[in-house]
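Everything on this sheet refers to the single structure shown next.
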Amino acid sequence: MKKITPLDRIALLITGLVAAYLIVKGVEGLPDLATWAYSIAFGVLLIAGLLMIINGFDVLDSPWVVIIAAIIPLGLSLGMVIENFPSDWHLAYLVFVVIGFLAILLTRLLVPERAATIVLAFVHGVAGLLIFGLPIVLVLQGVKAPMVLFMSAGGALIGVGGLLLAFLKAGKPVLSAEKIFTLLPWILLLMSVSFVLGLGA
Amino acid sequence: MAYLKTTLQSKLKTLTVKTHLYWQMTKSLQTGLLLSTGLAGYMSARCPYQTWQTTLALVGSLFLAISGSTVINMVLDRDIDALMPRTQKRPLPSGQVGVVEALILGSVLSVTGIGWAAFLSPLYGLIVFAGLFFDVVVYTIWLKRRTPWSIIWGGIAGGMPALAGRALGLGAIDWVGLMFALAVLLWIPTHIMTFSLRYREDYAKARVPTFPSVYGERVTSIIIALSSIATAIAMAFAAYGIGITWGYMRLLIILSCGLLALAISSMVRPSFKMNFSLFKFASLYMLSSMLLVVLGVL
């Protein structure tokens, strides 16, 4: 495991501060549930960043990381659904988020890894597609300003980070562990900045 | 002329070395954290009389009183500090500062701090004095070498700056101030017990009773986790009582959830690494909470 450097810590600290800013600021005019969904997603990012600053990248060895990390795309996609979809969809997607999270939790703890990976890929896939695709659709329809595409960029970055870590954990790394952990703090920072810009729009 | 220059340079060097040693004896990080609780307590009162002069006087008086009591504690604990590898390089056990010199320094700092505090407000002065009394007399002199439960009194002393700051702002003691002090009180066992787990052999050498030596590591880990949970609850009540804005409250709730999750993990699977993470996160949590309180009332 790569030893964390002062530069990595600085990037993670700025990521944490950006996440904290998003939680405090919220997004004007949103229903409480959307604000909480975004806040919980950024809260996980903030706490993960702080734990990496404290303990280094060893934190990512914990089997709980996969489960807790799922909260980030689930929270962000829930926030986006509540913000942009008709109200009939809100409860349905909330149910998907809750069941999806519980399914990831239970399959990680109870069933063989192959089955658990299928569940994880499905839940992450749906949430990831929403985060990446919804802003593009909204801009193409002229509903939102182009700045909202930064949300898609954030979604793509979180996807790249997640895939790099997932392949590394599966023993088939796309890049060396050293390179992945050098990139990770900056991917997280860029992701959080993208969401600040996207949500600001 | 050359002689004068050499003498002046030598005096300047001695002064720099002394200042560095004295600074070490004030445990600047710990003092800074307690100072931040006092400042947050004061700012949380949102009193109409907040001025930069009073704020500076609060910071000055608290800094002097807290660092004074820390220096006096170092004088009183110099024998056990000399026995523990972690502390034997401190200025007193290593002989870099004399006992009388340190005692004079500690007394001057304490008396000046308490005097200044009493001048600002008798109630504020009384609470600052109570903090020093609990820390030096009850915790260090009376209980530290007799029972591991002494940390409760150390915790009460640690909670006094927050209570004092709030009392200075309000002119009275209220339940929010007490809750603030309780949050710090409950955080202190996390701090001290993690140290006593990490340096268990050191404390055994010095024959200082600690929770790990008396009740075992498992019980200590559980108490650390429970006290972290209680800290988060007390802090949430204090923040609610202060009425910080909703955005800051949301961030505080999320940080509290992080602390709770770490505490529960460390109860379920206690390990030294987990405890140390909890200890560091709890310190960061305390500092962040104080900052949030200040920002949340501005």
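Naming scheme: A, B, ... for chains in displayed order of the structure tokens; residues 1 onward per chain; ligands 1 onward as shown.
Excluding Ala102 of chain B itself and any same-chain residue fewer than 3 positions from it, the protein and nucleic acid residues within 9 Å of it, counting only C-alpha atoms, are Tyr22, Met25, Val71, Ile72, Met74, Val75, Leu92, Val97, Gly98, Val99, Leu105, Gly106 and Ser107 of chain B.
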Glu28 of chain A: which residues within 12 Å, counting only C-alpha atoms, same-chain residues fewer than 6 positions away excluded, as a PDB file with all heavy atoms, in the first residue's frame?
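What ended up in result-v3.pdb:
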ATOM      1  N   LEU A  22     -20.473  22.134   0.637  1.00  0.00           N
ATOM      2  CA  LEU A  22     -21.712  21.708  -0.035  1.00  0.00           C
ATOM      3  C   LEU A  22     -22.784  21.322   0.986  1.00  0.00           C
ATOM      4  O   LEU A  22     -23.971  21.591   0.782  1.00  0.00           O
ATOM      5  CB  LEU A  22     -21.422  20.516  -0.954  1.00  0.00           C
ATOM      6  CG  LEU A  22     -20.806  20.887  -2.305  1.00  0.00           C
ATOM      7  CD1 LEU A  22     -20.213  19.677  -2.983  1.00  0.00           C
ATOM      8  CD2 LEU A  22     -21.859  21.521  -3.203  1.00  0.00           C
ATOM      9  N   ALA A  34     -34.091  15.871  -0.724  1.00  0.00           N
ATOM     10  CA  ALA A  34     -33.002  16.020  -1.706  1.00  0.00           C
ATOM     11  C   ALA A  34     -31.774  16.610  -1.031  1.00  0.00           C
ATOM     12  O   ALA A  34     -30.645  16.145  -1.253  1.00  0.00           O
ATOM     13  CB  ALA A  34     -33.464  16.914  -2.851  1.00  0.00           C
ATOM     14  N   THR A  35     -31.988  17.622  -0.177  1.00  0.00           N
ATOM     15  CA  THR A  35     -30.865  18.236   0.529  1.00  0.00           C
ATOM     16  C   THR A  35     -30.153  17.197   1.385  1.00  0.00           C
ATOM     17  O   THR A  35     -28.926  17.130   1.418  1.00  0.00           O
ATOM     18  CB  THR A  35     -31.378  19.399   1.425  1.00  0.00           C
ATOM     19  OG1 THR A  35     -32.118  20.284   0.603  1.00  0.00           O
ATOM     20  CG2 THR A  35     -30.245  20.135   2.086  1.00  0.00           C
ATOM     21  N   GLU A  83     -34.771  16.229  -7.328  1.00  0.00           N
ATOM     22  CA  GLU A  83     -34.652  17.588  -7.865  1.00  0.00           C
ATOM     23  C   GLU A  83     -35.296  17.696  -9.260  1.00  0.00           C
ATOM     24  O   GLU A  83     -35.895  18.721  -9.580  1.00  0.00           O
ATOM     25  CB  GLU A  83     -33.164  17.956  -7.949  1.00  0.00           C
ATOM     26  CG  GLU A  83     -32.910  19.406  -8.263  1.00  0.00           C
ATOM     27  CD  GLU A  83     -31.411  19.726  -8.375  1.00  0.00           C
ATOM     28  OE1 GLU A  83     -30.572  18.890  -7.993  1.00  0.00           O
ATOM     29  OE2 GLU A  83     -31.115  20.827  -8.860  1.00  0.00           O
ATOM     30  N   LEU A 199     -23.957  21.717  -9.089  1.00  0.00           N
ATOM     31  CA  LEU A 199     -25.102  22.024  -8.213  1.00  0.00           C
ATOM     32  C   LEU A 199     -25.358  23.527  -8.170  1.00  0.00           C
ATOM     33  O   LEU A 199     -26.499  23.966  -8.011  1.00  0.00           O
ATOM     34  CB  LEU A 199     -24.856  21.481  -6.804  1.00  0.00           C
ATOM     35  CG  LEU A 199     -25.069  19.977  -6.627  1.00  0.00           C
ATOM     36  CD1 LEU A 199     -24.571  19.515  -5.267  1.00  0.00           C
ATOM     37  CD2 LEU A 199     -26.548  19.608  -6.772  1.00  0.00           C
ATOM     38  N   GLY A 200     -24.286  24.304  -8.298  1.00  0.00           N
ATOM     39  CA  GLY A 200     -24.422  25.764  -8.307  1.00  0.00           C
ATOM     40  C   GLY A 200     -25.254  26.235  -9.492  1.00  0.00           C
ATOM     41  O   GLY A 200     -25.881  27.290  -9.447  1.00  0.00           O
ATOM     42  N   ALA A 201     -25.214  25.442 -10.563  1.00  0.00           N
ATOM     43  CA  ALA A 201     -25.960  25.834 -11.768  1.00  0.00           C
ATOM     44  C   ALA A 201     -27.450  25.646 -11.539  1.00  0.00           C
ATOM     45  O   ALA A 201     -28.261  26.184 -12.250  1.00  0.00           O
ATOM     46  CB  ALA A 201     -25.516  24.989 -12.952  1.00  0.00           C
TER      47      ALA A 201
ATOM     48  N   GLY B 247     -27.685  24.691   8.099  1.00  0.00           N
ATOM     49  CA  GLY B 247     -26.600  24.119   7.284  1.00  0.00           C
ATOM     50  C   GLY B 247     -25.467  23.589   8.159  1.00  0.00           C
ATOM     51  O   GLY B 247     -24.968  22.480   7.955  1.00  0.00           O
TER      52      GLY B 247
END
Expected answer as a ChimeraX atom specification: alpha helix (DSSP H) residues in segment 16-129 of chain A:
/A:16-25,32-55,64-69,71-84,88-110,113-129
List the neighbours of segment 64-67 of chain B out to 6 Å using only C-alpha atoms; skip same-chain residues closer than 6 positions along the sequence, and give me the result as number ranges by chain.
B: 26, 109-110, 113
Write the residues of the selection above to a file with C-alpha atoms, as a PDB file, in the first residue's frame.
ATOM      1  CA  THR B  26       2.541  24.465  27.884  1.00  0.00           C
ATOM      2  CA  LEU B 109       1.052  32.167  34.373  1.00  0.00           C
ATOM      3  CA  SER B 110      -1.785  30.774  36.515  1.00  0.00           C
ATOM      4  CA  GLY B 113      -4.529  34.219  33.996  1.00  0.00           C
TER       5      GLY B 113
END
Using only C-alpha atoms, I'd like a table of the residues in chain B that come within 7 Å of chain A; for each, show the closest atom pair and its distance in Å rounded to one decimal, ordered by chain and ascending number, as CSV.
residue,atom,partner,partner_atom,distance
B:Gly247,CA,A:Val24,CA,4.0
B:Tyr248,CA,A:Val24,CA,5.2
B:Arg250,CA,A:Val24,CA,6.8
B:Leu251,CA,A:Ile23,CA,6.0
B:Ile254,CA,A:Gly43,CA,5.9
B:Gly258,CA,A:Ile47,CA,6.4
B:Ser277,CA,A:Asn55,CA,6.9
Counting only C-alpha atoms, what is within 12 Å of Ala204 of chain B, bar same-chain residues fewer than 2 positions away, as an mmCIF file with all heavy atoms, in the first residue's frame?
data_model
loop_
_atom_site.group_PDB
_atom_site.id
_atom_site.type_symbol
_atom_site.label_atom_id
_atom_site.label_comp_id
_atom_site.auth_asym_id
_atom_site.auth_seq_id
_atom_site.Cartn_x
_atom_site.Cartn_y
_atom_site.Cartn_z
ATOM 1 N N ILE B 80 7.116 10.810 37.678
ATOM 2 C CA ILE B 80 6.573 9.750 36.814
ATOM 3 C C ILE B 80 6.925 9.999 35.345
ATOM 4 O O ILE B 80 7.127 9.054 34.598
ATOM 5 C CB ILE B 80 5.046 9.530 37.003
ATOM 6 C CG1 ILE B 80 4.256 10.803 36.845
ATOM 7 C CG2 ILE B 80 4.737 8.866 38.307
ATOM 8 C CD1 ILE B 80 2.743 10.561 36.919
ATOM 9 N N LEU B 83 10.085 8.334 34.455
ATOM 10 C CA LEU B 83 10.062 6.869 34.337
ATOM 11 C C LEU B 83 9.501 6.391 32.999
ATOM 12 O O LEU B 83 9.692 5.242 32.616
ATOM 13 C CB LEU B 83 9.200 6.276 35.470
ATOM 14 C CG LEU B 83 9.694 6.511 36.894
ATOM 15 C CD1 LEU B 83 8.649 6.050 37.902
ATOM 16 C CD2 LEU B 83 11.003 5.774 37.123
ATOM 17 N N MET B 84 8.767 7.273 32.302
ATOM 18 C CA MET B 84 8.093 6.836 31.075
ATOM 19 C C MET B 84 8.857 7.300 29.826
ATOM 20 O O MET B 84 9.101 8.503 29.672
ATOM 21 C CB MET B 84 6.660 7.386 31.030
ATOM 22 C CG MET B 84 5.810 6.908 32.199
ATOM 23 S SD MET B 84 4.050 7.162 31.945
ATOM 24 C CE MET B 84 3.876 8.894 32.267
ATOM 25 N N PRO B 85 9.217 6.366 28.930
ATOM 26 C CA PRO B 85 9.966 6.748 27.715
ATOM 27 C C PRO B 85 9.274 7.860 26.922
ATOM 28 O O PRO B 85 9.931 8.720 26.345
ATOM 29 C CB PRO B 85 10.008 5.456 26.906
ATOM 30 C CG PRO B 85 9.891 4.368 27.919
ATOM 31 C CD PRO B 85 9.042 4.912 29.022
ATOM 32 N N ARG B 145 -2.750 9.219 40.922
ATOM 33 C CA ARG B 145 -1.944 8.026 41.271
ATOM 34 C C ARG B 145 -2.720 7.018 42.109
ATOM 35 O O ARG B 145 -2.167 6.031 42.573
ATOM 36 C CB ARG B 145 -0.685 8.475 42.017
ATOM 37 C CG ARG B 145 0.158 9.403 41.169
ATOM 38 C CD ARG B 145 1.353 9.917 41.919
ATOM 39 N NE ARG B 145 1.946 11.050 41.193
ATOM 40 C CZ ARG B 145 3.226 11.281 41.115
ATOM 41 N NH1 ARG B 145 4.081 10.470 41.700
ATOM 42 N NH2 ARG B 145 3.677 12.332 40.449
ATOM 43 N N SER B 196 -3.536 5.777 27.274
ATOM 44 C CA SER B 196 -3.157 4.752 28.257
ATOM 45 C C SER B 196 -3.166 3.353 27.640
ATOM 46 O O SER B 196 -2.492 2.460 28.135
ATOM 47 C CB SER B 196 -4.037 4.834 29.505
ATOM 48 O OG SER B 196 -5.378 4.708 29.163
ATOM 49 N N LEU B 197 -3.926 3.179 26.532
ATOM 50 C CA LEU B 197 -3.859 1.886 25.821
ATOM 51 C C LEU B 197 -2.547 1.803 25.041
ATOM 52 O O LEU B 197 -1.864 0.781 25.057
ATOM 53 C CB LEU B 197 -5.014 1.778 24.818
ATOM 54 C CG LEU B 197 -6.338 1.186 25.298
ATOM 55 C CD1 LEU B 197 -7.368 1.321 24.186
ATOM 56 C CD2 LEU B 197 -6.200 -0.266 25.678
ATOM 57 N N ARG B 198 -2.215 2.893 24.377
ATOM 58 C CA ARG B 198 -1.014 2.893 23.543
ATOM 59 C C ARG B 198 0.256 2.797 24.399
ATOM 60 O O ARG B 198 1.209 2.129 24.022
ATOM 61 C CB ARG B 198 -0.992 4.170 22.700
ATOM 62 C CG ARG B 198 0.138 4.158 21.710
ATOM 63 C CD ARG B 198 0.072 5.306 20.744
ATOM 64 N NE ARG B 198 0.951 5.042 19.608
ATOM 65 C CZ ARG B 198 1.128 5.868 18.604
ATOM 66 N NH1 ARG B 198 0.482 6.989 18.555
ATOM 67 N NH2 ARG B 198 1.932 5.575 17.609
ATOM 68 N N TYR B 199 0.264 3.504 25.509
ATOM 69 C CA TYR B 199 1.472 3.538 26.353
ATOM 70 C C TYR B 199 1.246 2.803 27.663
ATOM 71 O O TYR B 199 1.687 3.252 28.713
ATOM 72 C CB TYR B 199 1.884 5.005 26.592
ATOM 73 C CG TYR B 199 2.190 5.743 25.314
ATOM 74 C CD1 TYR B 199 1.281 6.646 24.781
ATOM 75 C CD2 TYR B 199 3.368 5.508 24.617
ATOM 76 C CE1 TYR B 199 1.541 7.312 23.594
ATOM 77 C CE2 TYR B 199 3.632 6.167 23.421
ATOM 78 C CZ TYR B 199 2.713 7.076 22.923
ATOM 79 O OH TYR B 199 2.984 7.723 21.737
ATOM 80 N N ARG B 200 0.560 1.681 27.563
ATOM 81 C CA ARG B 200 0.197 0.894 28.741
ATOM 82 C C ARG B 200 1.428 0.545 29.604
ATOM 83 O O ARG B 200 1.408 0.682 30.823
ATOM 84 C CB ARG B 200 -0.477 -0.386 28.258
ATOM 85 C CG ARG B 200 -1.139 -1.157 29.333
ATOM 86 C CD ARG B 200 -1.857 -2.333 28.745
ATOM 87 N NE ARG B 200 -2.362 -3.159 29.824
ATOM 88 C CZ ARG B 200 -3.188 -4.142 29.669
ATOM 89 N NH1 ARG B 200 -3.630 -4.456 28.495
ATOM 90 N NH2 ARG B 200 -3.613 -4.847 30.700
ATOM 91 N N GLU B 201 2.511 0.125 28.936
ATOM 92 C CA GLU B 201 3.717 -0.285 29.683
ATOM 93 C C GLU B 201 4.358 0.903 30.388
ATOM 94 O O GLU B 201 4.873 0.770 31.496
ATOM 95 C CB GLU B 201 4.716 -0.942 28.746
ATOM 96 C CG GLU B 201 4.258 -2.331 28.334
ATOM 97 C CD GLU B 201 5.112 -2.942 27.242
ATOM 98 O OE1 GLU B 201 6.150 -2.346 26.892
ATOM 99 O OE2 GLU B 201 4.713 -3.997 26.727
ATOM 100 N N ASP B 202 4.313 2.057 29.726
ATOM 101 C CA ASP B 202 4.861 3.277 30.337
ATOM 102 C C ASP B 202 4.159 3.574 31.660
ATOM 103 O O ASP B 202 4.799 3.828 32.680
ATOM 104 C CB ASP B 202 4.633 4.484 29.412
ATOM 105 C CG ASP B 202 5.703 4.586 28.352
ATOM 106 O OD1 ASP B 202 6.310 3.548 28.041
ATOM 107 O OD2 ASP B 202 5.917 5.701 27.830
ATOM 108 N N ALA B 206 5.436 3.569 35.658
ATOM 109 C CA ALA B 206 5.285 4.706 36.570
ATOM 110 C C ALA B 206 4.259 4.427 37.679
ATOM 111 O O ALA B 206 4.040 5.268 38.542
ATOM 112 C CB ALA B 206 4.862 5.930 35.775
ATOM 113 N N ARG B 207 3.658 3.251 37.639
ATOM 114 C CA ARG B 207 2.632 2.834 38.612
ATOM 115 C C ARG B 207 1.448 3.795 38.683
ATOM 116 O O ARG B 207 0.932 4.091 39.780
ATOM 117 C CB ARG B 207 3.256 2.665 39.998
ATOM 118 C CG ARG B 207 4.247 1.537 40.020
ATOM 119 C CD ARG B 207 4.683 1.268 41.412
ATOM 120 N NE ARG B 207 5.619 0.155 41.442
ATOM 121 C CZ ARG B 207 6.221 -0.269 42.518
ATOM 122 N NH1 ARG B 207 5.992 0.330 43.676
ATOM 123 N NH2 ARG B 207 7.045 -1.279 42.479
ATOM 124 N N VAL B 208 1.066 4.274 37.527
ATOM 125 C CA VAL B 208 -0.139 5.119 37.462
ATOM 126 C C VAL B 208 -1.297 4.198 37.072
ATOM 127 O O VAL B 208 -1.234 3.542 36.032
ATOM 128 C CB VAL B 208 0.015 6.241 36.410
ATOM 129 C CG1 VAL B 208 -1.276 7.027 36.245
ATOM 130 C CG2 VAL B 208 1.159 7.167 36.788
ATOM 131 N N PRO B 209 -2.338 4.092 37.917
ATOM 132 C CA PRO B 209 -3.446 3.196 37.554
ATOM 133 C C PRO B 209 -4.230 3.747 36.360
ATOM 134 O O PRO B 209 -4.579 4.929 36.338
ATOM 135 C CB PRO B 209 -4.313 3.178 38.815
ATOM 136 C CG PRO B 209 -3.987 4.438 39.531
ATOM 137 C CD PRO B 209 -2.577 4.796 39.176
ATOM 138 N N THR B 210 -4.443 2.901 35.372
ATOM 139 C CA THR B 210 -5.211 3.332 34.189
ATOM 140 C C THR B 210 -6.326 2.317 33.953
ATOM 141 O O THR B 210 -6.298 1.221 34.504
ATOM 142 C CB THR B 210 -4.311 3.371 32.933
ATOM 143 O OG1 THR B 210 -3.820 2.048 32.706
ATOM 144 C CG2 THR B 210 -3.161 4.329 33.073
ATOM 145 N N PHE B 211 -7.262 2.679 33.109
ATOM 146 C CA PHE B 211 -8.365 1.747 32.801
ATOM 147 C C PHE B 211 -7.847 0.438 32.201
ATOM 148 O O PHE B 211 -8.284 -0.628 32.621
ATOM 149 C CB PHE B 211 -9.404 2.424 31.898
ATOM 150 C CG PHE B 211 -10.507 3.056 32.691
ATOM 151 C CD1 PHE B 211 -10.321 4.278 33.294
ATOM 152 C CD2 PHE B 211 -11.716 2.400 32.866
ATOM 153 C CE1 PHE B 211 -11.324 4.856 34.054
ATOM 154 C CE2 PHE B 211 -12.729 2.968 33.628
ATOM 155 C CZ PHE B 211 -12.534 4.195 34.221
ATOM 156 N N PRO B 212 -6.925 0.477 31.227
ATOM 157 C CA PRO B 212 -6.450 -0.803 30.680
ATOM 158 C C PRO B 212 -5.783 -1.686 31.744
ATOM 159 O O PRO B 212 -5.943 -2.905 31.735
ATOM 160 C CB PRO B 212 -5.427 -0.385 29.621
ATOM 161 C CG PRO B 212 -5.793 0.988 29.260
ATOM 162 C CD PRO B 212 -6.380 1.610 30.466
ATOM 163 N N SER B 213 -5.043 -1.065 32.685
ATOM 164 C CA SER B 213 -4.347 -1.897 33.684
ATOM 165 C C SER B 213 -5.303 -2.430 34.750
ATOM 166 O O SER B 213 -5.096 -3.503 35.296
ATOM 167 C CB SER B 213 -3.198 -1.124 34.332
ATOM 168 O OG SER B 213 -3.707 -0.034 35.053
ATOM 169 N N VAL B 214 -6.372 -1.687 35.033
ATOM 170 C CA VAL B 214 -7.295 -2.123 36.087
ATOM 171 C C VAL B 214 -8.451 -2.955 35.518
ATOM 172 O O VAL B 214 -8.817 -3.986 36.077
ATOM 173 C CB VAL B 214 -7.851 -0.889 36.856
ATOM 174 C CG1 VAL B 214 -8.889 -1.305 37.898
ATOM 175 C CG2 VAL B 214 -6.718 -0.133 37.529
#
I'd like the contact shell of segment 28-39 of chain B - 9 Å cut-off, only C-alpha atoms, skipping same-chain residues fewer than 3 positions apart - returned as a ChimeraX atom specification.
/B:23-25,42-44,55,58-59,62-63,66-67,70,158-166,180-181,184,283,286-287,290-291,294
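As for atom CA of Val137 of chain B and atom CA of Ile173 of chain B, they are spaced 23.4 Å apart.
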Close residues, segment 148-156 of chain A itself excluded, 10 Å, only C-alpha atoms, min 5 positions apart in chain, as a ChimeraX atom specification:
/A:73,76-77,80,127-139,161-162,187-201
Export N, CA and C atoms of the chosen residues as a compact mmCIF listing (two decimals), in the first residue's frame?
# COMPACT_ATOMS: atom_id res chain seq x y z
N PRO A 73 -22.81 7.33 -4.59
CA PRO A 73 -23.65 7.42 -5.81
C PRO A 73 -25.14 7.31 -5.52
N LEU A 76 -26.28 10.79 -4.21
CA LEU A 76 -26.27 11.81 -5.28
C LEU A 76 -27.40 11.57 -6.27
N SER A 77 -27.59 10.30 -6.67
CA SER A 77 -28.63 10.02 -7.66
C SER A 77 -30.02 10.27 -7.07
N MET A 80 -30.66 13.91 -7.20
CA MET A 80 -30.94 14.37 -8.57
C MET A 80 -32.35 13.96 -9.03
N ALA A 127 -27.37 3.88 -10.42
CA ALA A 127 -27.08 5.19 -9.81
C ALA A 127 -26.09 5.97 -10.68
N GLY A 128 -25.06 5.30 -11.15
CA GLY A 128 -24.02 5.95 -11.96
C GLY A 128 -24.59 6.49 -13.26
N LEU A 129 -25.46 5.70 -13.91
CA LEU A 129 -26.05 6.16 -15.17
C LEU A 129 -26.90 7.42 -14.96
N LEU A 130 -27.62 7.43 -13.84
CA LEU A 130 -28.45 8.61 -13.53
C LEU A 130 -27.58 9.85 -13.33
N ILE A 131 -26.50 9.67 -12.54
CA ILE A 131 -25.64 10.84 -12.25
C ILE A 131 -24.99 11.34 -13.54
N PHE A 132 -24.56 10.40 -14.38
CA PHE A 132 -23.86 10.79 -15.60
C PHE A 132 -24.85 11.27 -16.69
N GLY A 133 -25.93 10.51 -16.84
CA GLY A 133 -26.81 10.76 -17.99
C GLY A 133 -27.85 11.84 -17.79
N LEU A 134 -28.40 11.95 -16.58
CA LEU A 134 -29.50 12.89 -16.35
C LEU A 134 -29.14 14.34 -16.70
N PRO A 135 -27.97 14.84 -16.23
CA PRO A 135 -27.63 16.23 -16.59
C PRO A 135 -27.54 16.42 -18.10
N ILE A 136 -27.03 15.43 -18.82
CA ILE A 136 -26.90 15.56 -20.29
C ILE A 136 -28.31 15.68 -20.91
N VAL A 137 -29.21 14.81 -20.46
CA VAL A 137 -30.59 14.85 -20.98
C VAL A 137 -31.23 16.21 -20.66
N LEU A 138 -31.02 16.68 -19.43
CA LEU A 138 -31.64 17.96 -19.02
C LEU A 138 -31.10 19.13 -19.84
N VAL A 139 -29.82 19.10 -20.15
CA VAL A 139 -29.22 20.19 -20.96
C VAL A 139 -29.73 20.10 -22.39
N GLY A 161 -12.78 6.45 -10.48
CA GLY A 161 -12.15 6.13 -9.20
C GLY A 161 -12.62 4.78 -8.68
N GLY A 162 -13.94 4.58 -8.73
CA GLY A 162 -14.53 3.32 -8.23
C GLY A 162 -14.03 2.11 -9.01
N ILE A 187 -8.60 12.73 -7.97
CA ILE A 187 -9.90 12.38 -8.58
C ILE A 187 -11.02 12.82 -7.64
N LEU A 188 -10.85 12.55 -6.35
CA LEU A 188 -11.88 12.93 -5.37
C LEU A 188 -12.04 14.45 -5.31
N LEU A 189 -10.91 15.16 -5.39
CA LEU A 189 -10.97 16.63 -5.35
C LEU A 189 -11.69 17.17 -6.59
N LEU A 190 -11.30 16.67 -7.75
CA LEU A 190 -11.93 17.13 -8.99
C LEU A 190 -13.43 16.81 -8.99
N MET A 191 -13.75 15.63 -8.46
CA MET A 191 -15.15 15.21 -8.40
C MET A 191 -15.96 16.18 -7.54
N SER A 192 -15.42 16.50 -6.35
CA SER A 192 -16.20 17.37 -5.46
C SER A 192 -16.31 18.78 -6.05
N VAL A 193 -15.24 19.27 -6.69
CA VAL A 193 -15.31 20.60 -7.31
C VAL A 193 -16.34 20.58 -8.45
N SER A 194 -16.36 19.48 -9.22
CA SER A 194 -17.35 19.36 -10.32
C SER A 194 -18.76 19.45 -9.77
N PHE A 195 -19.01 18.79 -8.64
CA PHE A 195 -20.36 18.83 -8.07
C PHE A 195 -20.71 20.22 -7.53
N VAL A 196 -19.70 20.93 -6.99
CA VAL A 196 -19.98 22.32 -6.54
C VAL A 196 -20.44 23.14 -7.74
N LEU A 197 -19.70 23.01 -8.85
CA LEU A 197 -20.05 23.79 -10.04
C LEU A 197 -21.40 23.36 -10.61
N GLY A 198 -21.61 22.04 -10.67
CA GLY A 198 -22.85 21.51 -11.23
C GLY A 198 -24.06 21.87 -10.39
N LEU A 199 -23.96 21.72 -9.09
CA LEU A 199 -25.10 22.02 -8.21
C LEU A 199 -25.36 23.53 -8.17
N GLY A 200 -24.29 24.30 -8.30
CA GLY A 200 -24.42 25.76 -8.31
C GLY A 200 -25.25 26.24 -9.49
N ALA A 201 -25.21 25.44 -10.56
CA ALA A 201 -25.96 25.83 -11.77
C ALA A 201 -27.45 25.65 -11.54
Which one is closest to Leu184 of chain A: A:His90, A:Leu164, A:Phe96, A:Leu30? Count only C-alpha atoms.
A:Leu164
Got a sec: who's within 12 Å of Ser62 of chain A, counting only C-alpha atoms, leaving out chain neighbours fewer than 3 positions off, as a ChimeraX atom specification?
/A:48,51-52,55,57-59,65-69,169 /B:265,274
Point-to-point distance in Å for atom CA of Asp61 of chain A and atom CA of Val111 of chain A
19.5 Å
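Taking atom CA of Pro91 of chain B and atom CA of Lys13 of chain B as endpoints, the distance between them is 16.9 Å.
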